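Colleague: Would you mind keeping the following structure in view while I ask a few things?
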Amino acid sequence: MTDFSKYKIRFETLGCRLNQIESEGAAHFFSEAGFTSDLTPVSAASPVDETTVLCVINTCSVTIKAEQKARRLIRLLLKTYPKAAVIVTGCYAQLRPLEIKKMDERIAVLGGQVKSRISGVPEMLKKSLDLSPVEIVSLIEKEIILKPILNPGVPENSFVLATDSFLAHSRSSIKIQDGCNSKCAYCTINIARGKSVSLDARTVIDRIKQLEASGQSEVVITTVNIAQYHGAWDGPEAIGGVINFAGLLKLILANTSKINIRISSIYPQIVKEDFLDAIKDPRVCPHFHISVQSGSDRILEAMNRGYKAQDVIDACEKIRSVKENPFLACDIITGFPGETDEDFEESLNLCKACGMAWVHAFPYSERPGTEAVKMKNKVPQVVSGERAYTLTTKAAEAKIKYINGFIDKELSCVVETVRNQKRNKDGKIIYHAVTGNFLHCSIEVDENKPLMKNGMLQKVKILAPLQDNIRKGGETECLAELI
C-alpha cells in the first residue's frame with residue numbers, strides 16, 4: 001500500500017477569512033486521503049523543496065495590489081517547488097484565467113466559482129503521482145475542470161470546502177453564505193463569486209453542535225454578504241420556507257449551550273429589532289465589523305450601497321444599546337471617483353461619531369468590469385493614499401484608547417498558535433489569544449505552569465496596549481496576564 005503521507009500538498013491563501021476557511025476545507029480533503037497538508041506560508045527564504053507534489057493557491061482580486069501579490073506568490077511557488085503542479089483558484093482565477101495560465105505550463109486554473117471541485121483532486125492525484133507536473137495539470141484540466149462541464153448533472157456546491165477540523169486556526173469557522181446579488185460600483189465579488197447562495201439552517205445548526213461537542217469554545221460565522229443570508233428552514237420561524245440571519249442566530253443559540261458565536265462582518269441594513277434581540281445573548285461576541293465604505297451620502301449613492309451615513313450611526317448606537325462597550329470596526333474606501341476633501345471629512349466624522357475602535361482603510365482600486373471604471377473625476381492615487389494613511393493613523397489611536405478602557409479588567413479569550421511556542425528573555429512562554437471583544441493579546445506564562453492548548457477558553461486581565469505595535473500594524477495589540 002502506498003504511503004501517501006510522504007507526498008506534501010502546500011496551501012497558500014490570500015484575502016479574506018472566507019478564503020482561509022475554503023483553503024482549510026481543501027486541505028482537509030487531502031489529509032483525509034492520506035497526503036500531508038501544509039498550510040505554513042512560503043517565503044523568499046524558504047528552501048527549495050522537491051517533495052511537494054502539488055501547490056494550491058486561493059487568490060483574491062479585491063484590488064490591483066491583491067492580484068500583483070498573487071502573481072508574485074505563484075512565481076515563488078513555481079520556483080520553490082520545482083516538481084509540483086500548481087492549482088490557482090479563487091477570485092483572481094475566476095476573473096483572469098488566461099493571464100494566469102500564461103505564466104507557466106505547470107499551472108491549472110480553477111475559477112473561484114468552481115473551487116469546490118478541488119475536493120476531487122486527491123483521489124485523482126493518488127493515481128497520477130508517477131506523472132510529471134505538466135501531465136498532472138493536463139489531467140486536472142481534463143478530469144476536474146472540463147469533465148463536469150461536458151457532463152452536467154451535479155450542480156456546483158459552494159459549501160463543499162467545509163471542515164470542522166482546522167489545521168492552521170484554533171478558532172473554528174463556518175461559511176453560511178457565498179456570492180452576492182448586489183452590484184456595488186467598485187466591486188467584482190458578484191462577478192467572481194456569482195449569485196448569493198445560503199447554507200440551509202439545519203446544516204448550520206448541526207455543524208455548530210458538532211463543534212461544541214468536540215470542545216470548541218468559539219465559532220466564527222462568515223459570509224460574503226450577511227444581509228443576503230436566506231437559509232432553508234421548515235420550522236415555524238420561517239417565512240416562505242427560509243429564515244434570515246437573525247432567525248438563524250436565534251436557532252443556533254437555542255440549540256447550543258456553551259459555544260461562543262463571533263460574526264465576521266455585518267451590514268447596517270441587518271441591525272433591526274430581531275438582530276438586536278439575538279445579539280443580546282452573552283455568547284455572541286461583542287465584536288462587530290461593519291461594511292461601511294464611506295461616510296458621505298453622495299459617495300455611498302455613487303457606490304450603489306443602499307444606505308446612508310445616518311443608518312450606520314444608528315446601527316452602531318443600537319448595537320451599543322444591547323452590548324456593553326463592543327469593539328466596533330469598519331471598512332472605508334478612500335479616493336472613490338469624485339470623492340472630495342469634504343466627502344473624506346464626512347468619512348472621518350462618521351468614524352468618530354460611531355466610536356469605531358478600528359478602521360480598515362484602503363485606497364480605491366479600479367476593477368475592470370465595474371461601473372466605477374466609467375466614472376469621471378478620478379482621484380489621484382497619491383491623494384487616496386494620503387487619505388487612507390490619515391484614517392489608519394486615527395484608527396490606531398482609537399484602538400489604543402479602546403484598549404486603555406479595559407486595563408485591569410477581566411476578559412475571556414481563546415488561546416491561539418500554541419505550535420512553535422516562543423519564549424521571552426526571562427524564559428517565560430508567550431501565548432497569543434483573542435478576547436471576546438477582539439483584542440489580540442500576548443500572554444507570558446511561567447514555564448512551570450501547565451501548557452495551554454489551542455482553542456482553550458481562558459480568563460485574562462488586560463495590562464497595557466502595545467502602542468508601537470498597533471501603529472505599525474502588528475497583529476498583537478496588548479499585554480495580558482492569566483487570572
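Quick note on naming: the chains in the C-alpha cells go A, B, ... in the order shown, residues restart at 1 in each chain, and ligands are numbered from 1 in order of appearance.
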Write down as a PyMOL selection string the residues belonging to stretch 132-251 of chain A that are assigned helix (DSSP H, G or I) by DSSP computed on the backbone.

Modeller: chain A and resi 133-150+189-192+201-213+226-228+245-251

Colleague: Listing only residues of stretch 246-345 of chain A within 6 Å of stretch 373-389 of chain A, what is the closest atom pair and its distance in Å (to one decimal) for each, using only C-alpha atoms, sorted by chain and residue number ascending, as JSON lines?

Modeller:
```
{"residue": "A:Thr334", "atom": "CA", "partner": "A:Ser384", "partner_atom": "CA", "distance": 5.2}
{"residue": "A:Gly335", "atom": "CA", "partner": "A:Ser384", "partner_atom": "CA", "distance": 4.3}
{"residue": "A:Pro337", "atom": "CA", "partner": "A:Lys378", "partner_atom": "CA", "distance": 4.6}
{"residue": "A:Gly338", "atom": "CA", "partner": "A:Asn377", "partner_atom": "CA", "distance": 4.9}
```

Colleague: Let me see the file: selected residues, N, CA, C and O atoms, as a PDB file, in the first residue's frame.

Modeller:
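Now in part-v5.pdb:
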```pdb
ATOM      1  N   THR A 334     -11.008  54.967   0.358  1.00  0.00           N
ATOM      2  CA  THR A 334     -10.663  56.371   0.105  1.00  0.00           C
ATOM      3  C   THR A 334     -10.374  56.572  -1.376  1.00  0.00           C
ATOM      4  O   THR A 334      -9.890  55.667  -2.056  1.00  0.00           O
ATOM      5  N   GLY A 335     -10.689  57.763  -1.862  1.00  0.00           N
ATOM      6  CA  GLY A 335     -10.374  58.110  -3.240  1.00  0.00           C
ATOM      7  C   GLY A 335     -11.295  57.514  -4.274  1.00  0.00           C
ATOM      8  O   GLY A 335     -10.914  57.388  -5.451  1.00  0.00           O
ATOM      9  N   PRO A 337     -13.957  57.563  -7.153  1.00  0.00           N
ATOM     10  CA  PRO A 337     -14.133  58.638  -8.144  1.00  0.00           C
ATOM     11  C   PRO A 337     -15.116  59.711  -7.675  1.00  0.00           C
ATOM     12  O   PRO A 337     -16.239  59.406  -7.276  1.00  0.00           O
ATOM     13  N   GLY A 338     -14.661  60.943  -7.707  1.00  0.00           N
ATOM     14  CA  GLY A 338     -15.494  62.073  -7.309  1.00  0.00           C
ATOM     15  C   GLY A 338     -15.405  62.433  -5.845  1.00  0.00           C
ATOM     16  O   GLY A 338     -16.002  63.437  -5.411  1.00  0.00           O
TER      17      GLY A 338
END
```

Colleague: State, in Å with one decimal place, the distance from atom CA of A:Ile136 to atom CA of A:Ala93.

Modeller: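 Interatomic distance here is 18.5 Å.
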
Colleague: Can you list, as a list in words, every protein, DNA or RNA residue that comes within 10 Å of A:Ile107 when you count only C-alpha atoms, leaving out same-chain residues fewer than 2 positions away?

Modeller: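 Residues near the query, excluding close chain neighbours: Cys55, Val56, Ile74, Leu78, Ala84, Ala85, Val86, Ile87, Val88, Ile100, Lys101, Lys102, Met103, Asp104, Glu105, Val109, Leu110, Pro133, Val134, Ile136, Val137, Ser138, Ile140 and Glu141 of chain A.
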
Colleague: Neighbouring residues of stretch 277-291 of chain A were defined as those with any atom within 8 Å, considering only C-alpha atoms; residues of the same chain fewer than 4 positions away were excluded. Please report them as a ChimeraX atom specification.

Modeller: /A:246,249-250,253,258-268,273,322-331,436-438

Colleague: Can you work out the spacing between atom CA of A:Gly355 and atom CA of A:Ile221 in Å, to one decimal?

Modeller: 23.9 Å

Colleague: Under the rule that only C-alpha atoms are counted, which of A:Thr40, A:Thr222, A:Asn181, A:Thr393 is the nearest residue to A:Leu18?

Modeller: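 The answer is A:Thr222, which sits nearest to A:Leu18.
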
Colleague: Write out, as a Markdown table, each residue of stretch 110-160 of chain A that has an atom at most 10 Å from stretch 5-14 of chain A, together with the closest pair of atoms and their distance in Å to one decimal, counting only C-alpha atoms, rows going by chain and rising number.

Modeller:
```
| residue | atom | partner | partner_atom | distance |
| --- | --- | --- | --- | --- |
| A:Pro122 | CA | A:Ile9 | CA | 9.7 |
| A:Lys126 | CA | A:Tyr7 | CA | 9.9 |
| A:Leu129 | CA | A:Tyr7 | CA | 8.9 |
```

Colleague: Could you list, as number ranges by chain, every residue within 7 Å of A:Leu411, counting only C-alpha atoms and ignoring same-chain residues fewer than 6 positions away?

Modeller: A: 435, 459-461

Colleague: Excluding same-chain residues fewer than 3 positions from A:Ser46, what lies within 12 Å of it counting only C-alpha atoms, as a ChimeraX atom specification?

Modeller: /A:40-43,49,76-77,79-81

Colleague: Just write the chosen residues, N, CA and C atoms, as an mmCIF file, in the first residue's frame.

Modeller:
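Output (result34.cif):
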```
data_model
loop_
_atom_site.group_PDB
_atom_site.id
_atom_site.type_symbol
_atom_site.label_atom_id
_atom_site.label_comp_id
_atom_site.auth_asym_id
_atom_site.auth_seq_id
_atom_site.Cartn_x
_atom_site.Cartn_y
_atom_site.Cartn_z
ATOM 1 N N THR A 40 1.660 26.180 6.127
ATOM 2 C CA THR A 40 2.667 27.151 6.543
ATOM 3 C C THR A 40 3.018 28.048 5.372
ATOM 4 N N PRO A 41 2.904 29.367 5.500
ATOM 5 C CA PRO A 41 3.160 30.256 4.363
ATOM 6 C C PRO A 41 4.583 30.139 3.820
ATOM 7 N N VAL A 42 4.709 30.121 2.509
ATOM 8 C CA VAL A 42 6.018 30.111 1.871
ATOM 9 C C VAL A 42 6.578 31.529 1.882
ATOM 10 N N SER A 43 7.901 31.642 1.865
ATOM 11 C CA SER A 43 8.540 32.953 1.805
ATOM 12 C C SER A 43 9.761 32.858 0.896
ATOM 13 N N ASP A 49 12.109 22.746 -2.274
ATOM 14 C CA ASP A 49 11.537 21.504 -1.746
ATOM 15 C C ASP A 49 11.023 20.667 -2.908
ATOM 16 N N LEU A 76 6.772 32.475 -6.910
ATOM 17 C CA LEU A 76 7.575 31.947 -5.811
ATOM 18 C C LEU A 76 7.316 30.452 -5.615
ATOM 19 N N LEU A 77 6.060 30.039 -5.724
ATOM 20 C CA LEU A 77 5.726 28.623 -5.594
ATOM 21 C C LEU A 77 6.366 27.801 -6.708
ATOM 22 N N LYS A 79 9.049 28.429 -8.275
ATOM 23 C CA LYS A 79 10.495 28.384 -8.055
ATOM 24 C C LYS A 79 10.860 27.477 -6.880
ATOM 25 N N THR A 80 10.111 27.579 -5.792
ATOM 26 C CA THR A 80 10.447 26.853 -4.565
ATOM 27 C C THR A 80 10.093 25.377 -4.647
ATOM 28 N N TYR A 81 9.071 25.041 -5.439
ATOM 29 C CA TYR A 81 8.614 23.656 -5.542
ATOM 30 C C TYR A 81 8.669 23.217 -7.005
#
```

Colleague: Name the residues of stretch 230-357 of chain A that fall into strand (DSSP E) according to DSSP on the backbone, using the chain letters and numbers of this document, as a PyMOL selection string.

Modeller: chain A and resi 231-232+242-243+260-263+287-293+327-334

Colleague: Since we have the selection now, will you write its residues out, keeping C-alpha atoms, as a PDB file, in the first residue's frame?

Modeller:
```pdb
ATOM      1  CA  GLY A 231     -31.397  29.666   4.603  1.00  0.00           C
ATOM      2  CA  ALA A 232     -33.973  26.954   4.075  1.00  0.00           C
ATOM      3  CA  VAL A 242     -36.497  30.410   4.718  1.00  0.00           C
ATOM      4  CA  ILE A 243     -35.084  32.434   7.613  1.00  0.00           C
ATOM      5  CA  ASN A 260     -19.497  31.407  21.680  1.00  0.00           C
ATOM      6  CA  ILE A 261     -20.546  32.922  18.359  1.00  0.00           C
ATOM      7  CA  ARG A 262     -18.459  35.528  16.540  1.00  0.00           C
ATOM      8  CA  ILE A 263     -19.902  37.293  13.497  1.00  0.00           C
ATOM      9  CA  HIS A 287     -17.220  42.484  18.214  1.00  0.00           C
ATOM     10  CA  PHE A 288     -18.867  43.811  15.063  1.00  0.00           C
ATOM     11  CA  HIS A 289     -17.101  44.682  11.834  1.00  0.00           C
ATOM     12  CA  ILE A 290     -19.426  46.808   9.713  1.00  0.00           C
ATOM     13  CA  SER A 291     -19.147  47.094   5.949  1.00  0.00           C
ATOM     14  CA  VAL A 292     -19.413  50.880   5.510  1.00  0.00           C
ATOM     15  CA  GLN A 293     -17.063  52.130   2.707  1.00  0.00           C
ATOM     16  CA  PHE A 327     -15.441  46.555  19.597  1.00  0.00           C
ATOM     17  CA  LEU A 328     -16.822  48.300  16.502  1.00  0.00           C
ATOM     18  CA  ALA A 329     -14.807  48.421  13.302  1.00  0.00           C
ATOM     19  CA  CYS A 330     -15.472  49.212   9.663  1.00  0.00           C
ATOM     20  CA  ASP A 331     -14.095  49.326   6.128  1.00  0.00           C
ATOM     21  CA  ILE A 332     -13.584  52.669   4.381  1.00  0.00           C
ATOM     22  CA  ILE A 333     -12.540  53.131   0.752  1.00  0.00           C
ATOM     23  CA  THR A 334     -10.663  56.371   0.105  1.00  0.00           C
TER      24      THR A 334
END
```

Colleague: Could you list, as a ChimeraX atom specification, every residue within 8 Å of stretch 211-215 of chain A, counting only C-alpha atoms and ignoring same-chain residues fewer than 3 positions away?

Modeller: /A:164,172,207-208,219,256,258-259

Colleague: Record the distance separating atom CA of A:Asp468 and atom CA of A:Lys399, expressed in Å with one decimal.

Modeller: 11.8 Å
